[in-house]
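Engineer: Input file: target_12.txt. Contents: compact mmCIF, C-alpha atoms.
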```
# COMPACT_ATOMS: atom_id res chain seq x y z
CA MET A 5 13.46 19.01 176.98
CA PRO A 6 12.10 22.58 176.84
CA LEU A 7 8.54 21.47 176.06
CA PHE A 8 8.24 19.57 179.33
CA ARG A 9 9.89 22.38 181.28
CA ASP A 10 7.23 24.75 179.84
CA LEU A 11 4.50 22.33 180.81
CA GLN A 12 5.87 22.10 184.31
CA GLY A 13 5.79 25.89 184.57
CA LEU A 14 2.16 25.83 183.43
CA PHE A 15 1.14 23.23 185.99
CA ALA A 16 3.21 24.51 188.93
CA ALA A 17 0.55 25.28 191.52
CA GLN A 18 0.36 28.77 192.97
CA GLY A 19 -2.56 28.31 195.29
CA PRO A 20 -5.89 26.53 194.84
CA VAL A 21 -6.69 28.17 191.47
CA ASN A 22 -4.38 29.08 188.61
CA TRP A 23 -5.75 32.58 188.04
CA ASP A 24 -3.46 33.34 185.11
CA ILE A 25 -5.02 30.49 183.17
CA ALA A 26 -8.51 31.46 184.33
CA ARG A 27 -8.13 35.02 183.10
CA GLN A 28 -6.62 34.06 179.74
CA VAL A 29 -9.28 31.45 179.05
CA GLY A 30 -12.08 33.72 180.28
CA VAL A 31 -11.10 36.65 178.09
CA TRP A 32 -10.52 34.46 175.04
CA THR A 33 -13.81 32.61 175.48
CA ALA A 34 -15.80 35.80 176.06
CA ALA A 35 -14.45 37.49 172.94
CA GLU A 36 -14.50 34.22 170.97
CA GLY A 37 -10.86 34.74 170.10
CA VAL A 38 -11.52 38.07 168.34
CA ALA A 39 -10.33 41.50 169.48
CA GLU A 40 -13.29 43.60 170.63
CA PRO A 41 -13.54 47.34 169.94
CA ASN A 42 -13.65 49.68 172.91
CA VAL A 43 -17.06 50.96 173.95
CA ASP A 44 -17.94 54.22 172.19
CA PRO A 45 -17.72 57.19 174.62
CA LEU A 46 -21.16 58.36 173.44
CA ILE A 47 -22.63 55.03 174.61
CA ARG A 48 -21.01 55.54 178.00
CA ILE A 49 -22.54 58.99 178.29
CA ARG A 50 -26.00 57.70 177.35
CA PHE A 51 -25.88 54.93 179.93
CA GLU A 52 -24.88 57.44 182.59
CA GLU A 53 -27.85 59.63 181.70
CA LEU A 54 -30.25 56.71 181.87
CA ALA A 55 -28.71 55.45 185.11
CA ARG A 56 -29.42 58.74 186.85
CA VAL A 57 -33.09 58.49 185.88
CA ALA A 58 -33.26 54.84 186.92
CA GLU A 59 -31.59 55.44 190.27
CA LEU A 60 -34.04 58.13 191.31
CA HIS A 61 -37.06 55.99 190.48
CA VAL A 62 -35.71 52.82 192.10
CA ALA A 63 -34.90 54.71 195.30
CA ASP A 64 -38.40 56.17 195.37
CA ALA A 65 -40.10 52.82 194.69
CA THR A 66 -38.09 50.75 197.17
CA GLY A 67 -37.13 53.17 199.92
CA LEU A 68 -33.72 51.49 199.84
CA ALA A 69 -30.34 53.13 199.43
CA THR A 70 -29.19 52.40 195.89
CA SER A 71 -25.54 53.08 196.71
CA VAL A 72 -23.27 51.00 198.92
CA ALA A 73 -20.78 53.86 199.29
CA GLY A 74 -23.27 56.60 200.02
CA THR A 75 -22.85 58.41 196.71
CA HIS A 76 -24.42 57.48 193.37
CA VAL A 77 -24.29 54.38 191.26
CA SER A 78 -22.73 54.49 187.83
CA VAL A 79 -23.60 52.12 185.01
CA GLN A 80 -20.48 51.36 183.01
CA PRO A 81 -20.75 49.69 179.59
CA VAL A 82 -17.91 47.23 178.98
CA THR A 83 -16.82 44.63 176.46
CA ARG A 84 -17.51 40.95 176.97
CA ALA A 85 -13.86 40.31 177.77
CA GLU A 86 -13.87 43.05 180.41
CA TRP A 87 -17.04 41.59 181.91
CA ALA A 88 -15.44 38.14 182.11
CA ALA A 89 -12.32 39.45 183.84
CA ALA A 90 -14.44 41.35 186.37
CA ALA A 91 -16.61 38.28 187.00
CA LEU A 92 -13.55 36.18 187.82
CA ASP A 93 -12.48 38.77 190.37
CA ALA A 94 -15.99 38.94 191.84
CA TYR A 95 -16.46 35.17 192.09
CA ARG A 96 -12.94 34.50 193.33
CA PRO A 97 -13.95 33.68 196.94
CA LEU A 98 -16.52 31.13 195.73
CA LEU A 99 -14.14 29.53 193.25
CA GLU A 100 -11.42 29.26 195.87
CA ARG A 101 -13.87 27.58 198.23
CA LEU A 102 -14.67 25.12 195.46
CA ALA A 103 -10.98 24.52 194.77
CA GLY A 104 -10.30 24.07 198.47
CA GLY A 105 -12.93 21.37 198.64
CA LEU A 106 -11.40 19.56 195.69
CA ALA A 107 -7.94 19.79 197.24
CA ALA A 108 -9.22 18.42 200.54
CA ALA A 109 -10.62 15.46 198.62
CA GLY A 110 -7.20 14.80 197.13
CA LEU A 111 -7.93 16.29 193.70
CA GLY A 112 -5.23 18.90 193.63
CA GLY A 113 -3.69 21.39 195.96
CA VAL A 114 -0.38 23.11 196.33
CA GLY A 115 2.26 21.06 194.60
CA VAL A 116 5.41 21.75 192.64
CA VAL A 117 7.03 19.45 190.16
CA GLU A 118 10.77 19.27 190.59
CA ASP A 119 12.89 19.86 187.48
CA ASP A 120 16.06 17.81 187.79
CA ASP A 121 16.53 17.53 184.04
CA VAL A 122 19.48 19.89 183.95
CA THR A 123 21.34 18.00 186.70
CA GLY A 124 20.75 14.60 185.19
CA GLY A 125 17.97 13.73 187.65
CA PRO A 126 14.65 12.09 186.90
CA ASP A 127 13.03 12.59 183.50
CA PRO A 128 10.74 15.65 183.64
CA LEU A 129 7.85 13.85 181.99
CA ALA A 130 8.01 11.06 184.53
CA GLY A 131 8.10 13.59 187.35
CA PHE A 132 5.17 15.46 185.86
CA LEU A 133 3.06 12.37 185.49
CA GLY A 134 3.99 11.16 188.96
CA ASN A 135 2.60 14.36 190.49
CA ILE A 136 -0.30 14.87 188.11
CA SER A 137 -3.08 14.34 190.65
CA GLN A 138 -1.44 16.89 192.95
CA VAL A 139 -0.83 19.63 190.40
CA MET A 140 -3.90 19.30 188.18
CA GLY A 141 -6.39 20.74 190.68
CA PRO A 142 -5.43 24.42 190.35
CA VAL A 143 -5.15 24.12 186.55
CA LEU A 144 -8.48 22.37 186.14
CA VAL A 145 -10.33 24.83 188.34
CA GLY A 146 -8.56 27.69 186.54
CA LEU A 147 -9.60 26.35 183.14
CA GLN A 148 -13.17 25.71 184.16
CA SER A 149 -13.41 29.08 185.93
CA GLY A 150 -12.24 30.79 182.77
CA PHE A 151 -14.65 28.89 180.55
CA MET A 152 -17.46 29.68 182.99
CA ALA A 153 -16.75 33.43 183.09
CA GLY A 154 -16.30 33.61 179.34
CA HIS A 155 -19.51 31.71 178.70
CA LEU A 156 -21.48 33.98 181.03
CA ALA A 157 -19.95 37.07 179.43
CA ARG A 158 -21.18 36.10 175.97
CA ARG A 159 -24.77 36.17 177.19
CA ALA A 160 -24.82 38.66 180.07
CA LEU A 161 -26.65 41.98 179.83
CA GLY A 162 -25.42 43.16 183.23
CA GLN A 163 -23.49 41.98 186.25
CA TYR A 164 -26.52 40.70 188.13
CA ASP A 165 -27.77 38.21 185.53
CA LEU A 166 -26.83 35.82 188.33
CA PRO A 167 -27.95 37.43 191.63
CA ILE A 168 -24.60 36.91 193.35
CA PRO A 169 -23.14 39.72 195.49
CA ARG A 170 -20.06 41.44 194.11
CA PRO A 171 -17.29 43.27 195.97
CA PRO A 172 -18.68 46.56 197.34
CA SER A 173 -18.66 49.09 194.52
CA ASP A 174 -21.18 51.43 192.94
CA ALA A 175 -19.88 50.79 189.42
CA LEU A 176 -22.35 48.44 187.72
CA LEU A 177 -21.14 46.71 184.57
CA VAL A 178 -23.34 46.16 181.52
CA VAL A 179 -22.31 44.58 178.22
CA ALA A 180 -23.13 47.26 175.67
CA ALA A 181 -22.82 45.05 172.58
CA THR A 182 -25.19 42.42 173.98
CA VAL A 183 -27.74 45.04 174.97
CA ASP A 184 -27.59 46.52 171.46
CA ARG A 185 -27.87 43.10 169.83
CA PHE A 186 -30.90 42.17 171.93
CA ALA A 187 -32.68 45.40 170.96
CA THR A 188 -31.97 44.75 167.29
CA ASP A 189 -32.98 41.08 167.39
CA TRP A 190 -36.33 41.92 168.97
CA SER A 191 -36.91 45.20 167.07
CA LEU A 192 -37.15 47.14 170.32
CA PRO A 193 -36.19 50.79 170.94
CA LEU A 194 -32.56 50.77 172.03
CA ASP A 195 -32.99 53.37 174.79
CA ASP A 196 -35.91 51.38 176.22
CA VAL A 197 -33.73 48.28 176.51
CA ARG A 198 -30.87 50.27 178.01
CA LEU A 199 -33.16 51.85 180.60
CA TRP A 200 -34.67 48.45 181.47
CA VAL A 201 -31.18 47.06 182.07
CA CYS A 202 -30.27 50.07 184.24
CA LEU A 203 -33.44 49.65 186.33
CA ASN A 204 -32.87 45.92 186.75
CA GLU A 205 -29.22 46.30 187.72
CA ILE A 206 -29.84 49.13 190.18
CA THR A 207 -32.75 47.31 191.85
CA HIS A 208 -30.61 44.20 192.35
CA HIS A 209 -27.78 46.40 193.61
CA ALA A 210 -30.06 48.08 196.16
CA VAL A 211 -31.19 44.73 197.56
CA LEU A 212 -27.84 42.91 197.47
CA GLY A 213 -26.17 46.03 198.87
CA ARG A 214 -28.06 45.63 202.14
CA PRO A 215 -25.31 44.33 204.48
CA HIS A 216 -27.41 41.57 206.06
CA VAL A 217 -28.68 40.37 202.67
CA ARG A 218 -25.15 40.29 201.27
CA GLU A 219 -23.78 38.47 204.32
CA ARG A 220 -26.55 35.89 204.31
CA LEU A 221 -26.24 35.09 200.62
CA GLU A 222 -22.44 35.09 200.64
CA HIS A 223 -22.45 32.68 203.58
CA LEU A 224 -24.89 30.29 201.91
CA LEU A 225 -23.08 30.34 198.57
CA GLY A 226 -19.70 29.90 200.21
CA GLU A 227 -20.87 26.89 202.21
CA TYR A 228 -22.38 25.40 199.09
CA ALA A 229 -19.26 25.92 196.94
CA GLY A 230 -17.09 24.25 199.56
CA GLY A 231 -19.43 21.33 200.10
CA PHE A 232 -18.92 19.16 197.02
CA GLU A 233 -17.90 15.55 197.63
CA PRO A 234 -15.93 14.65 194.49
CA ASP A 235 -15.62 11.17 193.10
CA SER A 236 -11.83 10.87 193.21
CA SER A 237 -11.72 7.50 191.47
CA SER A 238 -13.63 8.88 188.47
CA PHE A 239 -11.35 11.92 188.41
CA GLU A 240 -8.19 9.82 188.43
CA ALA A 241 -9.57 7.57 185.69
CA ARG A 242 -10.15 10.54 183.41
CA LEU A 243 -6.67 11.88 184.10
CA GLY A 244 -5.36 8.60 182.74
CA ASP A 245 -6.45 9.82 179.28
CA LEU A 246 -4.30 12.96 179.55
CA ASP A 247 -1.20 13.08 177.31
CA PRO A 248 0.98 16.15 178.00
CA THR A 249 2.54 15.81 174.55
CA ASP A 250 -0.84 15.94 172.79
CA PRO A 251 -2.86 19.19 173.14
CA ALA A 252 -5.92 17.44 171.70
CA SER A 253 -6.04 15.18 174.75
CA PHE A 254 -6.65 18.20 176.97
CA GLN A 255 -9.77 19.12 174.99
CA SER A 256 -11.00 15.54 175.25
CA VAL A 257 -10.40 15.30 178.98
CA LEU A 258 -11.60 18.82 179.80
CA GLY A 259 -14.61 18.75 177.51
CA ASP A 260 -17.14 17.80 180.17
CA PRO A 261 -16.77 20.09 183.20
CA GLU A 262 -19.03 18.03 185.43
CA ALA A 263 -17.05 14.87 184.74
CA ILE A 264 -13.74 16.69 185.20
CA LEU A 265 -14.59 18.15 188.55
CA GLY A 266 -16.20 14.90 189.59
CA ALA A 267 -18.37 17.16 191.74
CA MET A 268 -21.13 15.31 193.51
CA GLN A 269 -23.74 17.12 195.51
CA SER A 270 -23.62 16.29 199.20
CA ASP A 271 -26.51 16.02 201.64
CA ALA A 272 -25.35 19.26 203.24
CA GLN A 273 -25.53 21.01 199.88
CA ARG A 274 -29.04 19.74 199.22
CA ALA A 275 -30.10 21.29 202.53
CA LEU A 276 -28.38 24.56 201.63
CA LEU A 277 -30.16 24.67 198.27
CA GLN A 278 -33.48 25.09 200.03
CA HIS A 279 -32.27 28.26 201.75
CA ILE A 280 -30.42 29.62 198.70
CA GLY A 281 -33.44 28.98 196.51
CA ALA A 282 -35.81 30.71 198.91
CA LEU A 283 -33.67 33.83 199.25
CA VAL A 284 -33.00 34.06 195.50
CA ALA A 285 -36.71 33.59 194.75
CA ALA A 286 -37.58 36.45 197.12
CA ILE A 287 -34.92 38.69 195.53
CA GLU A 288 -36.09 37.96 191.99
CA GLY A 289 -39.77 38.25 192.83
CA TYR A 290 -39.19 41.59 194.53
CA THR A 291 -37.06 42.87 191.64
CA ASP A 292 -39.73 41.90 189.12
CA HIS A 293 -42.32 43.78 191.17
CA VAL A 294 -40.20 46.94 191.32
CA MET A 295 -39.52 46.67 187.60
CA ASP A 296 -43.25 46.47 186.91
CA VAL A 297 -44.02 49.48 189.11
CA VAL A 298 -41.27 51.68 187.70
CA GLY A 299 -40.90 50.31 184.19
CA ARG A 300 -44.53 50.80 183.22
CA LYS A 301 -44.19 54.51 183.99
CA LEU A 302 -40.89 55.07 182.21
CA ILE A 303 -40.66 52.66 179.29
CA GLY A 304 -43.06 52.93 176.38
CA SER A 305 -42.44 49.42 175.10
CA TYR A 306 -42.40 47.90 178.59
CA PRO A 307 -44.92 45.04 178.05
CA ALA A 308 -43.23 43.71 174.90
CA LEU A 309 -39.74 44.35 176.27
CA THR A 310 -40.43 42.61 179.56
CA GLU A 311 -41.95 39.60 177.85
CA ALA A 312 -38.90 39.26 175.60
CA LEU A 313 -36.40 39.67 178.41
CA ARG A 314 -38.16 37.35 180.82
CA ARG A 315 -38.41 34.71 178.10
CA ARG A 316 -34.71 35.12 177.39
CA ARG A 317 -33.64 34.59 180.97
CA VAL A 318 -35.18 31.13 181.23
CA GLU A 319 -33.93 29.93 177.83
CA ARG A 320 -30.77 28.53 179.34
CA GLY A 321 -28.33 26.17 177.69
CA ASP A 322 -26.37 23.39 179.32
CA GLY A 323 -23.49 25.78 180.07
CA ASP A 324 -25.77 28.16 181.96
CA LYS A 325 -27.29 25.31 183.92
CA PHE A 326 -23.86 23.98 184.86
CA VAL A 327 -22.80 27.39 186.22
CA GLU A 328 -26.00 27.66 188.22
CA ARG A 329 -25.53 24.17 189.68
CA LEU A 330 -21.90 24.95 190.46
CA PHE A 331 -22.88 27.97 192.56
CA GLY A 332 -26.22 26.65 193.79
CA VAL A 333 -28.17 29.47 192.10
CA GLU A 334 -30.67 27.79 189.81
CA LEU A 335 -32.90 30.20 187.88
CA ALA A 336 -35.53 28.05 186.23
CA GLN A 337 -38.96 29.51 185.49
CA ALA A 338 -40.36 27.82 188.59
CA GLN A 339 -37.98 29.86 190.73
CA TYR A 340 -39.19 33.15 189.26
CA ASP A 341 -42.82 32.05 189.59
CA ARG A 342 -42.20 31.16 193.24
CA GLY A 343 -40.79 34.60 194.00
CA GLN A 344 -43.58 36.40 192.19
CA ALA A 345 -46.21 34.39 194.07
CA PHE A 346 -44.56 35.28 197.40
CA VAL A 347 -44.54 39.01 196.60
CA ARG A 348 -48.14 38.85 195.36
CA GLY A 349 -49.21 37.10 198.55
CA VAL A 350 -47.55 39.74 200.74
CA LEU A 351 -49.11 42.60 198.78
CA GLU A 352 -52.58 41.03 198.93
CA ARG A 353 -52.37 40.59 202.70
CA ALA A 354 -50.35 43.58 203.86
CA GLY A 355 -49.85 45.93 200.92
CA ASP A 356 -46.70 47.95 200.30
CA ASN A 357 -46.11 48.37 204.04
CA GLY A 358 -45.71 44.63 204.36
CA LEU A 359 -43.45 44.28 201.35
CA ASN A 360 -41.25 47.11 202.58
CA ARG A 361 -40.40 45.02 205.65
CA LEU A 362 -38.72 42.38 203.50
CA TRP A 363 -35.20 43.82 203.58
CA HIS A 364 -35.23 45.60 206.96
CA SER A 365 -33.11 43.13 208.91
CA ALA A 366 -31.66 39.63 208.90
CA ASP A 367 -34.51 38.45 211.15
CA GLU A 368 -37.04 39.48 208.54
CA LEU A 369 -35.56 37.47 205.66
CA PRO A 370 -38.08 34.74 204.79
CA THR A 371 -37.45 31.06 205.39
CA PRO A 372 -38.09 28.48 202.65
CA ALA A 373 -41.46 27.59 204.17
CA GLU A 374 -42.43 31.28 204.40
CA VAL A 375 -41.61 31.95 200.75
CA ASP A 376 -44.22 29.33 199.89
CA ALA A 377 -46.68 30.64 202.50
CA PRO A 378 -46.33 34.43 202.80
CA GLY A 379 -48.94 34.52 205.55
CA LEU A 380 -46.51 32.63 207.77
CA TRP A 381 -43.85 35.25 207.14
CA LEU A 382 -46.20 38.14 207.94
CA ALA A 383 -47.32 36.39 211.13
CA ARG A 384 -43.74 35.80 212.26
CA ILE A 385 -42.71 39.40 211.80
CA ASP A 386 -45.92 40.40 213.60
CA LEU A 387 -47.42 42.43 210.79
CA PRO A 388 -51.24 42.71 210.67
CA THR A 389 -52.90 41.46 207.49
CA SER A 390 -56.04 42.71 205.87
```
Output the file's structure as structure tokens, nothing else.
Structural biologist:
Amino acid sequence: MPLFRDLQGLFAAQGPVNWDIARQVGVWTAAEGVAEPNVDPLIRIRFEELARVAELHVADATGLATSVAGTHVSVQPVTRAEWAAAALDAYRPLLERLAGGLAAAGLGGVGVVEDDDVTGGPDPLAGFLGNISQVMGPVLVGLQSGFMAGHLARRALGQYDLPIPRPPSDALLVVAATVDRFATDWSLPLDDVRLWVCLNEITHHAVLGRPHVRERLEHLLGEYAGGFEPDSSSFEARLGDLDPTDPASFQSVLGDPEAILGAMQSDAQRALLQHIGALVAAIEGYTDHVMDVVGRKLIGSYPALTEALRRRRVERGDGDKFVERLFGVELAQAQYDRGQAFVRGVLERAGDNGLNRLWHSADELPTPAEVDAPGLWLARIDLPTS
């Protein structure tokens, strides 16, 4: 029965996540099943020119190193499919923590279905079904990881649309076609939009490139991803609807990612969300401030452009919200407002000297309570206020 042997090869676990499936699904979803043209070399050259301008101004405004390798950043325009593949690589540690948590709860793990069909042993379908709860975990996480990356790629302007640290590199990825489409849809000068994206990406890179900021955020996100307490009974019940001989059953069963993963937020995760939310709010509030300082000087259409882009980032669909909940990085308007209020409060009390202390060391990262009361943060780091 070749069909069942092929299915067994598909579901044979090779670790906590089936990355082959994740990549195929991610690329296909990002490109919507259509081959994408390569990025025009002239577009690459223009982004590099704008990146050099942006890097100089961000370094001057922040006093932070913009490079993690000690050289210069490069902004590299890519296709949506390329962005999705890179995102899967970048988020791999988080997704493996998630998969490990599911496996520990009995929803998957390393398992291999034996194929005794050739020797007259058990029927392959029976063997497959008998091991389904063991082998489905890596496939399900692979599928959902691919859908997640592909979905993000269709909307992303750059790699820091979600402020999640990436592997150390000074190559920043932007999705050229999405940037162009946004400029057209809003009747904005294309170079203004490109420069805004460069400034935004490089500012995020400068902050997330600080070793203590990266380590703190990676630790929090990793603990959150590994902290789900899945409802195994619900998961097993849904698997009962899976028919390996009917591809349509996979779409039915996999259609709702939250139900598939059976992921329930634990008390430990709810505690972590307070710390993740505070740090992300501070990062986004600071980035918005730098963008205002630099962007107003460099971008002629800055007020209209910023309004359009900031409106866009909070117009999130259910898919975006699911990804944010999965990683613990929720970017609702209230989160941006919280970060902006914190930065405003620091500037009113201690000016630029106070704000410049924000990323100096791990001890100076604000707590959740301090993000909501910047005076407490300034007092703790022993900085005089006016």
Engineer: Between A:Gly213, A:Pro97, A:Pro41, A:Gly281, which is the closest to Val82 (chain A) once you count all atoms listed in the file?
Structural biologist: A:Pro41
Engineer: Find the distance between CA of Pro169 (chain A) and CA of Gln344 (chain A) and write it in Å to one decimal.
Structural biologist: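 Result for CA of Pro169 (chain A) versus CA of Gln344 (chain A): 21.0 Å, one decimal.
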Engineer: Name all residues at most 10 Å from Ala91 (chain A) (count only C-alpha atoms; drop same-chain ones fewer than 5 positions away) and give them as a count of residues only.
Structural biologist: 15
Engineer: Considering all atoms listed in the file, state which residue in the set A:Phe346, A:Trp381, A:Trp190, A:Trp200 is at the smallest distance from Gly304 (chain A).
Structural biologist: A:Trp200
Engineer: Give me, please, the distance in Å between CA of Glu222 (chain A) and CA of Leu102 (chain A), quoted to one decimal.
Structural biologist: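 CA of Leu102 (chain A) lies at a distance of 13.7 Å from CA of Glu222 (chain A).
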Engineer: Hey, can you pull every residue with an atom no more than 12 Å from (-29.6, 60.1, 187.2), using only C-alpha atoms, and send it as a PDB file with C-alpha atoms, keeping the file's coordinate frame?
Structural biologist:
```pdb
ATOM      1  CA  ILE A  49     -22.540  58.990 178.290  1.00  0.00           C
ATOM      2  CA  ARG A  50     -26.000  57.700 177.350  1.00  0.00           C
ATOM      3  CA  PHE A  51     -25.880  54.930 179.930  1.00  0.00           C
ATOM      4  CA  GLU A  52     -24.880  57.440 182.590  1.00  0.00           C
ATOM      5  CA  GLU A  53     -27.850  59.630 181.700  1.00  0.00           C
ATOM      6  CA  LEU A  54     -30.250  56.710 181.870  1.00  0.00           C
ATOM      7  CA  ALA A  55     -28.710  55.450 185.110  1.00  0.00           C
ATOM      8  CA  ARG A  56     -29.420  58.740 186.850  1.00  0.00           C
ATOM      9  CA  VAL A  57     -33.090  58.490 185.880  1.00  0.00           C
ATOM     10  CA  ALA A  58     -33.260  54.840 186.920  1.00  0.00           C
ATOM     11  CA  GLU A  59     -31.590  55.440 190.270  1.00  0.00           C
ATOM     12  CA  LEU A  60     -34.040  58.130 191.310  1.00  0.00           C
ATOM     13  CA  HIS A  61     -37.060  55.990 190.480  1.00  0.00           C
ATOM     14  CA  VAL A  62     -35.710  52.820 192.100  1.00  0.00           C
ATOM     15  CA  ALA A  63     -34.900  54.710 195.300  1.00  0.00           C
ATOM     16  CA  THR A  70     -29.190  52.400 195.890  1.00  0.00           C
ATOM     17  CA  THR A  75     -22.850  58.410 196.710  1.00  0.00           C
ATOM     18  CA  HIS A  76     -24.420  57.480 193.370  1.00  0.00           C
ATOM     19  CA  VAL A  77     -24.290  54.380 191.260  1.00  0.00           C
ATOM     20  CA  SER A  78     -22.730  54.490 187.830  1.00  0.00           C
ATOM     21  CA  VAL A  79     -23.600  52.120 185.010  1.00  0.00           C
ATOM     22  CA  LEU A 199     -33.160  51.850 180.600  1.00  0.00           C
ATOM     23  CA  CYS A 202     -30.270  50.070 184.240  1.00  0.00           C
ATOM     24  CA  LEU A 203     -33.440  49.650 186.330  1.00  0.00           C
ATOM     25  CA  ILE A 206     -29.840  49.130 190.180  1.00  0.00           C
TER      26      ILE A 206
END
```
Engineer: Tell me, in Å to one decimal, how far CA of Ile47 (chain A) is from CA of Ala88 (chain A).
Structural biologist: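 Atom-to-atom, CA of Ile47 (chain A) to CA of Ala88 (chain A), that is 19.8 Å.
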Engineer: Write out as an MDAnalysis selection string the residues lying within 9 Å of Leu212 (chain A), counting all atoms listed in the file and excluding same-chain residues fewer than 3 positions away.
Structural biologist: chainID A and resid 167:170 207:209 215:218 221 287
Engineer: Identify the residues around (-46.5, 52.3, 197.5) within a radius of 10 Å, measuring from all atoms listed in the file in the coordinates stated by the file, and give them as a VMD selection string.
Structural biologist: chain A and resid 64 to 67 297 355 to 357 359 to 360
Engineer: Which residue out of A:Leu382, A:Ala308, A:Val179, A:Leu276 has the minimum interatomic distance to Leu351 (chain A) when all atoms listed in the file are used?
Structural biologist: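 Of A:Leu382, A:Ala308, A:Val179, A:Leu276, the one nearest Leu351 (chain A), counting all atoms listed in the file, is A:Leu382.
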Engineer: With only C-alpha atoms as the atoms that count, which of A:Ala377, A:Val21, A:Leu144, A:Val333 lies nearest to Ile280 (chain A)?
Structural biologist: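 Closest residue, counting only C-alpha atoms: A:Val333.
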